[in-house]
>>> print(open('start.cif').read())   # mmCIF, C-alpha atoms and all ligand atoms
data_entry
loop_
_atom_site.label_atom_id
_atom_site.label_comp_id
_atom_site.auth_asym_id
_atom_site.auth_seq_id
_atom_site.Cartn_x
_atom_site.Cartn_y
_atom_site.Cartn_z
CA MET A 1 -13.50 -22.76 -48.84
CA GLN A 2 -16.22 -21.41 -46.52
CA ASP A 3 -15.22 -19.66 -43.30
CA LEU A 4 -15.40 -21.83 -40.20
CA ARG A 5 -18.41 -20.58 -38.20
CA ILE A 6 -17.40 -20.42 -34.55
CA GLY A 7 -19.50 -20.28 -31.38
CA ILE A 8 -17.93 -19.30 -28.06
CA ILE A 9 -19.23 -20.53 -24.69
CA GLY A 10 -18.36 -18.28 -21.76
CA VAL A 11 -17.37 -14.72 -22.59
CA GLY A 12 -15.64 -13.55 -19.44
CA VAL A 13 -11.98 -12.47 -19.59
CA MET A 14 -10.69 -15.30 -21.79
CA GLY A 15 -13.81 -15.85 -23.91
CA ALA A 16 -14.11 -12.14 -24.73
CA ASP A 17 -10.42 -12.10 -25.65
CA HIS A 18 -10.95 -15.08 -28.00
CA ALA A 19 -14.07 -13.45 -29.45
CA GLU A 20 -12.15 -10.31 -30.33
CA ARG A 21 -9.32 -12.45 -31.73
CA VAL A 22 -11.64 -14.46 -34.00
CA VAL A 23 -13.37 -11.31 -35.25
CA ARG A 24 -10.26 -9.19 -35.82
CA ARG A 25 -7.21 -11.38 -36.34
CA ILE A 26 -8.08 -14.92 -37.42
CA SER A 27 -8.50 -15.77 -41.08
CA GLY A 28 -10.78 -18.50 -42.41
CA ALA A 29 -13.14 -18.15 -39.47
CA ARG A 30 -16.14 -16.10 -38.42
CA LEU A 31 -17.69 -15.64 -34.98
CA VAL A 32 -21.43 -16.41 -35.32
CA ALA A 33 -22.69 -17.02 -31.77
CA ILE A 34 -21.82 -16.63 -28.12
CA SER A 35 -23.36 -17.97 -24.92
CA ASP A 36 -23.02 -16.86 -21.31
CA PRO A 37 -25.39 -16.96 -18.32
CA ASP A 38 -24.46 -13.31 -17.81
CA LEU A 39 -26.80 -12.13 -20.57
CA PRO A 40 -26.05 -8.39 -20.32
CA ARG A 41 -22.34 -9.17 -20.71
CA ALA A 42 -22.96 -11.43 -23.70
CA THR A 43 -25.32 -8.96 -25.34
CA ALA A 44 -22.91 -6.03 -24.90
CA LEU A 45 -20.05 -8.06 -26.39
CA ALA A 46 -22.18 -9.28 -29.32
CA GLU A 47 -23.23 -5.71 -30.10
CA SER A 48 -19.68 -4.43 -29.90
CA LEU A 49 -18.38 -7.06 -32.33
CA GLY A 50 -21.05 -6.96 -35.03
CA GLU A 51 -23.73 -9.40 -36.09
CA ILE A 52 -23.34 -12.13 -33.54
CA ARG A 53 -26.18 -14.18 -32.06
CA VAL A 54 -26.52 -14.63 -28.32
CA ILE A 55 -27.78 -18.13 -27.54
CA GLU A 56 -28.70 -18.38 -23.89
CA ASP A 57 -28.28 -22.12 -23.42
CA PRO A 58 -24.66 -23.22 -24.09
CA LEU A 59 -25.77 -26.73 -25.13
CA ALA A 60 -28.17 -25.18 -27.65
CA LEU A 61 -25.21 -23.22 -29.08
CA VAL A 62 -23.30 -26.49 -29.51
CA GLY A 63 -26.25 -28.11 -31.31
CA ASP A 64 -27.08 -25.09 -33.46
CA PRO A 65 -26.67 -25.86 -37.18
CA SER A 66 -25.14 -22.42 -37.80
CA VAL A 67 -22.15 -23.31 -35.58
CA ASP A 68 -19.40 -25.46 -37.14
CA ALA A 69 -16.93 -25.41 -34.25
CA VAL A 70 -16.86 -24.32 -30.62
CA ILE A 71 -14.48 -22.53 -28.27
CA ILE A 72 -15.18 -23.33 -24.60
CA ALA A 73 -14.07 -20.56 -22.24
CA SER A 74 -16.54 -21.17 -19.43
CA PRO A 75 -15.24 -21.97 -15.91
CA GLY A 76 -13.64 -25.41 -15.57
CA PHE A 77 -16.61 -26.94 -13.71
CA ALA A 78 -18.80 -26.49 -16.83
CA HIS A 79 -16.35 -28.05 -19.30
CA ALA A 80 -17.23 -31.76 -18.94
CA GLU A 81 -20.90 -31.39 -19.94
CA GLN A 82 -20.12 -28.92 -22.73
CA LEU A 83 -17.33 -31.11 -24.13
CA MET A 84 -19.63 -34.15 -24.13
CA ALA A 85 -22.22 -32.10 -26.05
CA CYS A 86 -19.55 -31.20 -28.64
CA LEU A 87 -18.70 -34.88 -29.06
CA GLU A 88 -22.39 -35.85 -29.36
CA ASN A 89 -22.86 -33.21 -32.05
CA ALA A 90 -19.52 -34.06 -33.73
CA LYS A 91 -18.36 -30.44 -33.37
CA PRO A 92 -14.62 -29.68 -33.23
CA VAL A 93 -13.81 -27.83 -30.01
CA LEU A 94 -10.95 -25.77 -28.61
CA CYS A 95 -11.43 -26.09 -24.85
CA GLU A 96 -9.65 -23.75 -22.48
CA LYS A 97 -7.67 -25.52 -19.79
CA PRO A 98 -8.41 -27.37 -17.56
CA LEU A 99 -10.04 -30.08 -19.67
CA THR A 100 -12.28 -30.86 -16.68
CA MET A 101 -11.92 -30.45 -12.93
CA ASP A 102 -11.09 -34.04 -12.00
CA THR A 103 -9.34 -37.12 -13.32
CA GLU A 104 -12.45 -39.32 -13.69
CA SER A 105 -14.47 -36.90 -15.80
CA SER A 106 -11.38 -36.13 -17.93
CA LEU A 107 -10.91 -39.83 -18.60
CA ARG A 108 -14.60 -40.15 -19.54
CA VAL A 109 -14.10 -37.36 -22.10
CA VAL A 110 -11.00 -39.10 -23.54
CA GLU A 111 -12.93 -42.38 -23.81
CA ALA A 112 -15.99 -40.76 -25.40
CA GLU A 113 -13.81 -39.08 -28.02
CA HIS A 114 -11.93 -42.31 -28.68
CA LYS A 115 -15.26 -44.11 -29.26
CA LEU A 116 -16.06 -41.60 -32.00
CA GLY A 117 -12.87 -42.60 -33.78
CA ARG A 118 -11.98 -39.00 -34.54
CA GLN A 119 -10.08 -36.35 -32.58
CA LEU A 120 -12.37 -33.38 -32.05
CA ILE A 121 -10.91 -31.90 -28.87
CA GLN A 122 -7.92 -29.57 -28.60
CA VAL A 123 -6.98 -28.22 -25.16
CA GLY A 124 -5.91 -24.61 -24.65
CA PHE A 125 -2.42 -25.14 -23.35
CA MET A 126 -1.29 -22.14 -25.38
CA ARG A 127 2.30 -22.06 -24.19
CA ARG A 128 3.09 -24.71 -26.79
CA PHE A 129 2.37 -22.00 -29.40
CA ASP A 130 4.43 -19.24 -27.76
CA PRO A 131 7.41 -18.50 -30.03
CA GLU A 132 9.87 -18.62 -27.09
CA TYR A 133 8.58 -21.95 -25.76
CA ALA A 134 8.45 -23.35 -29.31
CA ALA A 135 12.10 -22.34 -29.88
CA LEU A 136 13.09 -23.93 -26.57
CA LYS A 137 11.31 -27.16 -27.51
CA GLN A 138 13.03 -27.19 -30.90
CA LEU A 139 16.45 -26.64 -29.29
CA LEU A 140 15.95 -29.40 -26.73
CA ASP A 141 14.60 -31.83 -29.34
CA SER A 142 17.56 -31.13 -31.64
CA GLY A 143 19.84 -32.83 -29.11
CA GLU A 144 22.40 -30.02 -29.45
CA LEU A 145 22.55 -29.66 -25.66
CA GLY A 146 22.45 -33.40 -25.01
CA ARG A 147 19.69 -34.87 -22.86
CA THR A 148 17.52 -32.50 -20.79
CA LEU A 149 17.93 -33.18 -17.08
CA LEU A 150 16.13 -30.39 -15.20
CA LEU A 151 13.57 -27.63 -15.68
CA HIS A 152 13.31 -24.61 -13.38
CA ASN A 153 10.05 -22.71 -13.77
CA VAL A 154 8.67 -19.48 -12.36
CA HIS A 155 4.98 -18.53 -12.75
CA ARG A 156 3.83 -15.30 -11.13
CA ASN A 157 0.64 -13.25 -11.45
CA LYS A 158 0.21 -9.72 -10.21
CA THR A 159 -2.94 -10.61 -8.23
CA VAL A 160 -5.94 -12.93 -8.55
CA SER A 161 -9.50 -12.66 -7.27
CA ALA A 162 -10.22 -13.41 -3.60
CA SER A 163 -12.08 -16.58 -4.65
CA PHE A 164 -8.85 -18.10 -5.99
CA ARG A 165 -8.06 -20.62 -3.23
CA SER A 166 -5.02 -22.87 -2.69
CA GLU A 167 -6.44 -25.77 -4.71
CA MET A 168 -7.10 -23.49 -7.69
CA ILE A 169 -3.47 -22.42 -7.69
CA VAL A 170 -2.68 -26.05 -8.51
CA ARG A 171 -5.54 -26.74 -10.93
CA ASP A 172 -5.64 -23.38 -12.74
CA SER A 173 -2.07 -22.05 -12.59
CA LEU A 174 0.37 -24.90 -11.99
CA VAL A 175 -1.49 -26.92 -14.64
CA HIS A 176 0.36 -24.86 -17.30
CA GLU A 177 3.76 -26.04 -16.03
CA VAL A 178 2.38 -29.59 -15.80
CA ASP A 179 1.73 -29.43 -19.53
CA VAL A 180 5.04 -27.66 -20.23
CA ALA A 181 7.01 -30.36 -18.40
CA ARG A 182 5.14 -33.24 -20.11
CA TRP A 183 5.63 -31.54 -23.49
CA LEU A 184 9.28 -30.48 -23.17
CA PHE A 185 10.38 -33.83 -21.71
CA ASP A 186 7.94 -35.80 -23.90
CA ASP A 187 7.27 -37.89 -20.82
CA GLU A 188 4.67 -38.40 -18.10
CA ILE A 189 4.96 -37.02 -14.55
CA ALA A 190 5.18 -39.99 -12.18
CA ARG A 191 5.22 -38.19 -8.84
CA ILE A 192 4.43 -34.68 -7.62
CA THR A 193 5.18 -32.82 -4.40
CA VAL A 194 3.61 -29.44 -3.76
CA HIS A 195 5.22 -27.55 -0.89
CA ALA A 196 3.54 -24.63 0.86
CA PRO A 197 6.24 -22.21 2.00
CA LYS A 198 5.48 -19.34 4.40
CA PRO A 199 2.49 -17.59 2.73
CA THR A 200 2.43 -13.96 1.71
CA GLY A 201 0.58 -11.78 4.21
CA LEU A 202 -1.27 -10.07 1.34
CA VAL A 203 -3.92 -12.79 0.86
CA ALA A 204 -6.79 -14.13 2.94
CA GLU A 205 -6.01 -16.36 5.91
CA GLY A 206 -5.56 -19.98 4.80
CA VAL A 207 -4.59 -19.32 1.17
CA LEU A 208 -1.32 -21.09 0.44
CA ASP A 209 0.48 -18.68 -1.89
CA PRO A 210 3.26 -19.05 -3.07
CA GLN A 211 3.57 -22.77 -3.73
CA PHE A 212 6.65 -24.71 -4.80
CA ALA A 213 6.16 -27.91 -6.76
CA VAL A 214 8.52 -30.68 -7.79
CA PHE A 215 7.61 -33.02 -10.64
CA GLU A 216 9.47 -36.32 -10.95
CA MET A 217 9.25 -37.48 -14.54
CA ALA A 218 8.91 -41.19 -15.37
CA SER A 219 12.42 -41.08 -16.89
CA GLY A 220 13.91 -39.67 -13.65
CA ALA A 221 14.30 -36.06 -14.84
CA ILE A 222 12.99 -33.37 -12.47
CA ALA A 223 11.12 -30.08 -12.89
CA ASP A 224 10.59 -27.50 -10.17
CA VAL A 225 8.02 -24.70 -10.24
CA GLU A 226 7.45 -21.62 -8.14
CA VAL A 227 3.84 -20.46 -8.50
CA PHE A 228 3.06 -17.14 -6.85
CA VAL A 229 -0.29 -15.69 -7.88
CA ASN A 230 -0.26 -12.56 -5.70
CA PHE A 231 3.22 -11.35 -6.57
CA GLN A 232 1.97 -7.69 -6.79
CA VAL A 233 4.41 -6.62 -9.52
CA GLY A 234 2.99 -8.11 -12.73
CA TYR A 235 2.86 -11.29 -14.83
CA GLU A 236 6.07 -13.24 -15.13
CA VAL A 237 6.67 -16.70 -16.63
CA ARG A 238 10.18 -18.11 -16.98
CA CYS A 239 11.61 -21.49 -17.80
CA GLU A 240 15.20 -22.65 -17.71
CA ALA A 241 16.10 -26.06 -19.10
CA VAL A 242 19.33 -27.62 -17.92
CA ALA A 243 20.82 -30.23 -20.22
CA GLU A 244 24.03 -32.26 -20.39
CA LYS A 245 25.92 -29.71 -22.47
CA GLY A 246 24.28 -26.39 -21.63
CA SER A 247 21.18 -24.59 -20.48
CA ALA A 248 18.53 -22.44 -22.14
CA THR A 249 16.28 -19.83 -20.57
CA ILE A 250 13.09 -18.21 -21.87
CA GLY A 251 10.79 -15.55 -20.46
CA LEU A 252 13.38 -13.00 -19.44
CA GLY A 253 11.08 -10.32 -20.82
CA VAL A 254 13.91 -8.54 -22.56
CA ASP A 255 11.96 -6.37 -24.95
CA VAL A 256 12.75 -2.65 -25.00
CA LEU A 257 15.20 -1.61 -22.30
CA THR A 258 15.17 2.08 -21.47
CA ARG A 259 17.56 4.27 -19.54
CA ARG A 260 16.12 7.32 -17.85
CA GLY A 261 16.20 9.17 -14.57
CA GLY A 262 19.29 7.30 -13.43
CA GLN A 263 17.64 3.88 -13.90
CA TRP A 264 17.40 1.27 -16.66
CA GLY A 265 14.81 -1.38 -17.34
CA GLY A 266 11.75 -2.61 -19.22
CA VAL A 267 8.08 -3.28 -18.60
CA VAL A 268 6.56 -6.19 -16.67
CA PRO A 269 3.33 -7.32 -18.43
CA GLU A 270 0.10 -6.82 -16.46
CA ASP A 271 -1.30 -10.26 -17.23
CA TYR A 272 -1.22 -13.37 -19.44
CA ARG A 273 -3.10 -11.67 -22.28
CA ALA A 274 -0.16 -9.31 -22.77
CA ARG A 275 2.58 -11.95 -22.33
CA PHE A 276 0.91 -14.72 -24.36
CA GLY A 277 -1.15 -12.69 -26.88
CA THR A 278 0.89 -14.01 -29.81
CA ALA A 279 0.63 -17.56 -28.50
CA TYR A 280 -3.20 -17.32 -28.34
CA ASP A 281 -3.30 -15.89 -31.88
CA ILE A 282 -1.13 -18.73 -33.23
CA GLU A 283 -3.06 -21.33 -31.23
CA VAL A 284 -6.47 -20.25 -32.56
CA GLN A 285 -5.25 -19.75 -36.15
CA ARG A 286 -3.67 -23.21 -36.24
CA TRP A 287 -6.79 -24.74 -34.67
CA VAL A 288 -8.97 -23.08 -37.33
CA ASP A 289 -6.66 -24.25 -40.13
CA ALA A 290 -6.50 -27.80 -38.75
CA THR A 291 -10.27 -27.93 -38.26
CA ALA A 292 -10.73 -27.11 -41.94
CA ARG A 293 -8.61 -30.23 -42.68
CA GLY A 294 -10.66 -32.32 -40.21
CA GLU A 295 -7.75 -32.51 -37.74
CA ILE A 296 -6.49 -30.96 -34.53
CA ASP A 297 -3.07 -29.34 -34.19
CA GLY A 298 -2.14 -29.08 -30.54
CA PRO A 299 -2.63 -30.59 -27.09
CA THR A 300 -5.07 -33.51 -27.15
CA ALA A 301 -7.80 -34.66 -24.79
CA TRP A 302 -5.23 -37.15 -23.45
CA ASP A 303 -2.92 -34.22 -22.59
CA GLY A 304 -5.82 -32.59 -20.75
CA TYR A 305 -6.56 -35.83 -18.88
CA ALA A 306 -2.89 -36.39 -17.94
CA ALA A 307 -2.66 -32.82 -16.63
CA ALA A 308 -5.85 -33.34 -14.58
CA ALA A 309 -4.39 -36.53 -13.06
CA VAL A 310 -1.19 -34.70 -12.08
CA CYS A 311 -3.16 -31.79 -10.55
CA THR A 312 -5.35 -34.19 -8.55
CA ALA A 313 -2.19 -35.72 -7.10
CA GLY A 314 -0.78 -32.21 -6.61
CA VAL A 315 -3.78 -31.08 -4.55
CA GLN A 316 -3.46 -34.24 -2.43
CA SER A 317 0.26 -33.54 -1.93
CA LEU A 318 -0.49 -29.97 -0.85
CA GLN A 319 -3.11 -31.19 1.64
CA GLU A 320 -1.10 -34.08 3.07
CA GLY A 321 2.39 -32.53 2.91
CA ARG A 322 4.00 -35.48 1.14
CA PRO A 323 4.94 -36.64 -2.38
CA VAL A 324 2.03 -38.33 -4.21
CA GLU A 325 2.27 -40.83 -7.07
CA VAL A 326 0.27 -39.82 -10.17
CA GLU A 327 -2.42 -42.36 -11.07
CA LEU A 328 -2.66 -42.41 -14.83
CA ALA A 329 -4.50 -45.00 -16.94
CA ARG A 330 -2.36 -46.85 -19.46
CA LYS A 331 -2.54 -44.91 -22.72
CA SER A 332 -2.46 -48.07 -24.83
CA GLU A 333 -5.40 -49.54 -22.87
CA VAL A 334 -7.54 -46.40 -23.24
CA LEU A 335 -6.65 -45.45 -26.81
CA GLY A 336 -5.89 -48.93 -28.17
N1 LIG B 401 -5.05 -20.43 -21.37
C1 LIG B 401 -4.94 -19.48 -20.49
O1 LIG B 401 -3.90 -18.86 -20.35
C2 LIG B 401 -6.10 -19.07 -19.66
C3 LIG B 401 -6.09 -17.84 -18.98
C4 LIG B 401 -7.22 -17.50 -18.22
C5 LIG B 401 -8.30 -18.35 -18.14
N2 LIG B 401 -8.25 -19.54 -18.80
C6 LIG B 401 -9.38 -20.49 -18.72
O2 LIG B 401 -10.48 -19.94 -19.42
C7 LIG B 401 -11.70 -20.32 -18.77
C8 LIG B 401 -12.47 -19.05 -18.38
O3 LIG B 401 -11.66 -18.27 -17.52
P1 LIG B 401 -11.88 -16.70 -17.35
O4 LIG B 401 -10.67 -16.19 -16.65
O5 LIG B 401 -12.28 -16.10 -18.64
O6 LIG B 401 -13.10 -16.69 -16.33
P2 LIG B 401 -14.21 -15.55 -16.16
O7 LIG B 401 -14.82 -15.79 -14.81
O8 LIG B 401 -13.66 -14.21 -16.48
O9 LIG B 401 -15.30 -15.90 -17.27
C9 LIG B 401 -16.10 -17.04 -17.25
C10 LIG B 401 -17.41 -16.70 -17.99
O10 LIG B 401 -18.17 -17.93 -18.10
C11 LIG B 401 -19.51 -17.63 -17.74
N3 LIG B 401 -20.12 -18.87 -17.25
C12 LIG B 401 -20.31 -19.27 -15.97
N4 LIG B 401 -20.89 -20.50 -15.96
C13 LIG B 401 -21.07 -20.85 -17.25
C14 LIG B 401 -21.64 -21.97 -17.88
N5 LIG B 401 -22.12 -23.00 -17.19
N6 LIG B 401 -21.67 -22.00 -19.23
C15 LIG B 401 -21.18 -20.97 -19.96
N7 LIG B 401 -20.64 -19.89 -19.42
C16 LIG B 401 -20.58 -19.82 -18.08
C17 LIG B 401 -19.44 -16.51 -16.72
O11 LIG B 401 -20.65 -15.79 -16.66
C18 LIG B 401 -18.28 -15.70 -17.26
O12 LIG B 401 -18.72 -14.71 -18.17
C19 LIG B 401 -11.29 -21.20 -17.57
O13 LIG B 401 -11.31 -22.54 -17.96
C20 LIG B 401 -9.86 -20.75 -17.30
O14 LIG B 401 -9.07 -21.72 -16.67
C21 LIG B 401 -7.19 -19.90 -19.56
#
>>> encode(input="start.cif", output="structure tokens")
Amino acid sequence: MQDLRIGIIGVGVMGADHAERVVRRISGARLVAISDPDLPRATALAESLGEIRVIEDPLALVGDPSVDAVIIASPGFAHAEQLMACLENAKPVLCEKPLTMDTESSLRVVEAEHKLGRQLIQVGFMRRFDPEYAALKQLLDSGELGRTLLLHNVHRNKTVSASFRSEMIVRDSLVHEVDVARWLFDDEIARITVHAPKPTGLVAEGVLDPQFAVFEMASGAIADVEVFVNFQVGYEVRCEAVAEKGSATIGLGVDVLTRRGGQWGGVVPEDYRARFGTAYDIEVQRWVDATARGEIDGPTAWDGYAAAAVCTAGVQSLQEGRPVEVELARKSEVLG
């Protein structure tokens, strides 16, 4: 079996991380090309990783015959056009979240893929591959704790760039919990409320951080989420599921606990690459293996669309200060 020849679009923080992963840790795959409008950045990365072509135009990378499959790690606003190009060229693609920036363009992507009659798109909701989340999912699905009733989630970053506005906290950060809730409950989110508590004084005027969201699932179960992207301390993601006969918590960060100088404790990860490094490795390896079989093995374009629909309602809720119903097309009507 030949190695899968991968091209990566967008080599900022996430794309460079994936590039290094494909080159150093993923088997059955080879990084052959990268594309980024920041040419010096792309060139420096290509040189540091070996014989990798820099193709200036991302759509040319998609169409290039030396590229079998694509990883999209450009900013969300560029995803729709690049995904459509992957579909037109019948190239399997692992697209970083969000699928696209709005519900309509996400639905167009789902429909275009459906027309092809083959699933080519996997969305980078990597938490599904994190060993702790996977164990939680397995436990809840086993029924050992009875039916799951509630999820309590915490999602904190140390800091984000000044350009990260209130709406992005919903579309870029909260979107992970949107996927987690849909996945763990195996259900759609029917209604979302995003509250804006008193903001931290450590961000620009007008940025609503932290936010507190409540998801009402179609079945009646509820998930709550604190998202706080300028928490100052480090990266922290926790989830507690409450079921009929018990609860289960992940993300306590209990790795090595040390005692010294009259104190005890561990280390808070700096960012998501430290906390979810294993999840990204598993995600990309399973995507490569599935692509070799002509399949995907993870969140689908529909999952990306559903998350976009929830985030659109979430942004509206934040702006209008009220619960907003999620408008989702009927899956059976879109996918037959
Ligand atoms: N799964 C996760 O945990 C996770 C974490 C961080 C970021 N992400 C996602 O990864 C993507 C990239 O995020 P990032 O943090 O690496 O951003 P970044 O700003 O660090 O990098 C984006 C890169 O894309 C390039 N770029 C800009 N416009 C482009 C275009 N039209 N075509 C191709 N490249 C373009 C930029 O020059 C930059 O190098 C986003 O979709 C983001 O939401 C996912």
>>> closest_residue(input="start.cif", among="A:Gly336, A:Gly234, A:Gly220, A:Gly201", to="Glu188 (chain A)", atoms="all atoms listed in the file")
A:Gly220
>>> residues_near_ligand(input="start.cif", ligand="ligand LIG 401 (chain B)", cutoff="7 Å", atoms="all atoms listed in the file", output="PyMOL selection string")
chain A and resi 9-15+35-38+58+73-76+78+96-98+124-126+172+272
>>> write_last_selection(input="start.cif", atoms="C-alpha atoms", output="PDB file, in the frame of the given file")
ATOM      1  CA  ILE A   9     -19.230 -20.530 -24.690  1.00  0.00           C
ATOM      2  CA  GLY A  10     -18.360 -18.280 -21.760  1.00  0.00           C
ATOM      3  CA  VAL A  11     -17.370 -14.720 -22.590  1.00  0.00           C
ATOM      4  CA  GLY A  12     -15.640 -13.550 -19.440  1.00  0.00           C
ATOM      5  CA  VAL A  13     -11.980 -12.470 -19.590  1.00  0.00           C
ATOM      6  CA  MET A  14     -10.690 -15.300 -21.790  1.00  0.00           C
ATOM      7  CA  GLY A  15     -13.810 -15.850 -23.910  1.00  0.00           C
ATOM      8  CA  SER A  35     -23.360 -17.970 -24.920  1.00  0.00           C
ATOM      9  CA  ASP A  36     -23.020 -16.860 -21.310  1.00  0.00           C
ATOM     10  CA  PRO A  37     -25.390 -16.960 -18.320  1.00  0.00           C
ATOM     11  CA  ASP A  38     -24.460 -13.310 -17.810  1.00  0.00           C
ATOM     12  CA  PRO A  58     -24.660 -23.220 -24.090  1.00  0.00           C
ATOM     13  CA  ALA A  73     -14.070 -20.560 -22.240  1.00  0.00           C
ATOM     14  CA  SER A  74     -16.540 -21.170 -19.430  1.00  0.00           C
ATOM     15  CA  PRO A  75     -15.240 -21.970 -15.910  1.00  0.00           C
ATOM     16  CA  GLY A  76     -13.640 -25.410 -15.570  1.00  0.00           C
ATOM     17  CA  ALA A  78     -18.800 -26.490 -16.830  1.00  0.00           C
ATOM     18  CA  GLU A  96      -9.650 -23.750 -22.480  1.00  0.00           C
ATOM     19  CA  LYS A  97      -7.670 -25.520 -19.790  1.00  0.00           C
ATOM     20  CA  PRO A  98      -8.410 -27.370 -17.560  1.00  0.00           C
ATOM     21  CA  GLY A 124      -5.910 -24.610 -24.650  1.00  0.00           C
ATOM     22  CA  PHE A 125      -2.420 -25.140 -23.350  1.00  0.00           C
ATOM     23  CA  MET A 126      -1.290 -22.140 -25.380  1.00  0.00           C
ATOM     24  CA  ASP A 172      -5.640 -23.380 -12.740  1.00  0.00           C
ATOM     25  CA  TYR A 272      -1.220 -13.370 -19.440  1.00  0.00           C
TER      26      TYR A 272
END
>>> atom_distance(input="start.cif", atom1="CA of Val109 (chain A)", atom2="CA of Asp297 (chain A)")
18.2 Å
>>> closest_residue(input="start.cif", among="A:Glu240, A:Glu81, A:Glu226, A:Glu47", to="Val62 (chain A)", atoms="all atoms listed in the file")
A:Glu81
>>> closest_residue(input="start.cif", among="A:Ala60, A:Leu136, A:Met168, A:Ala309", to="Asp209 (chain A)", atoms="only C-alpha atoms")
A:Met168
>>> closest_residue(input="start.cif", among="A:Glu333, A:Asp289, A:Glu325, A:Glu144", to="Ile192 (chain A)", atoms="all atoms listed in the file")
A:Glu325
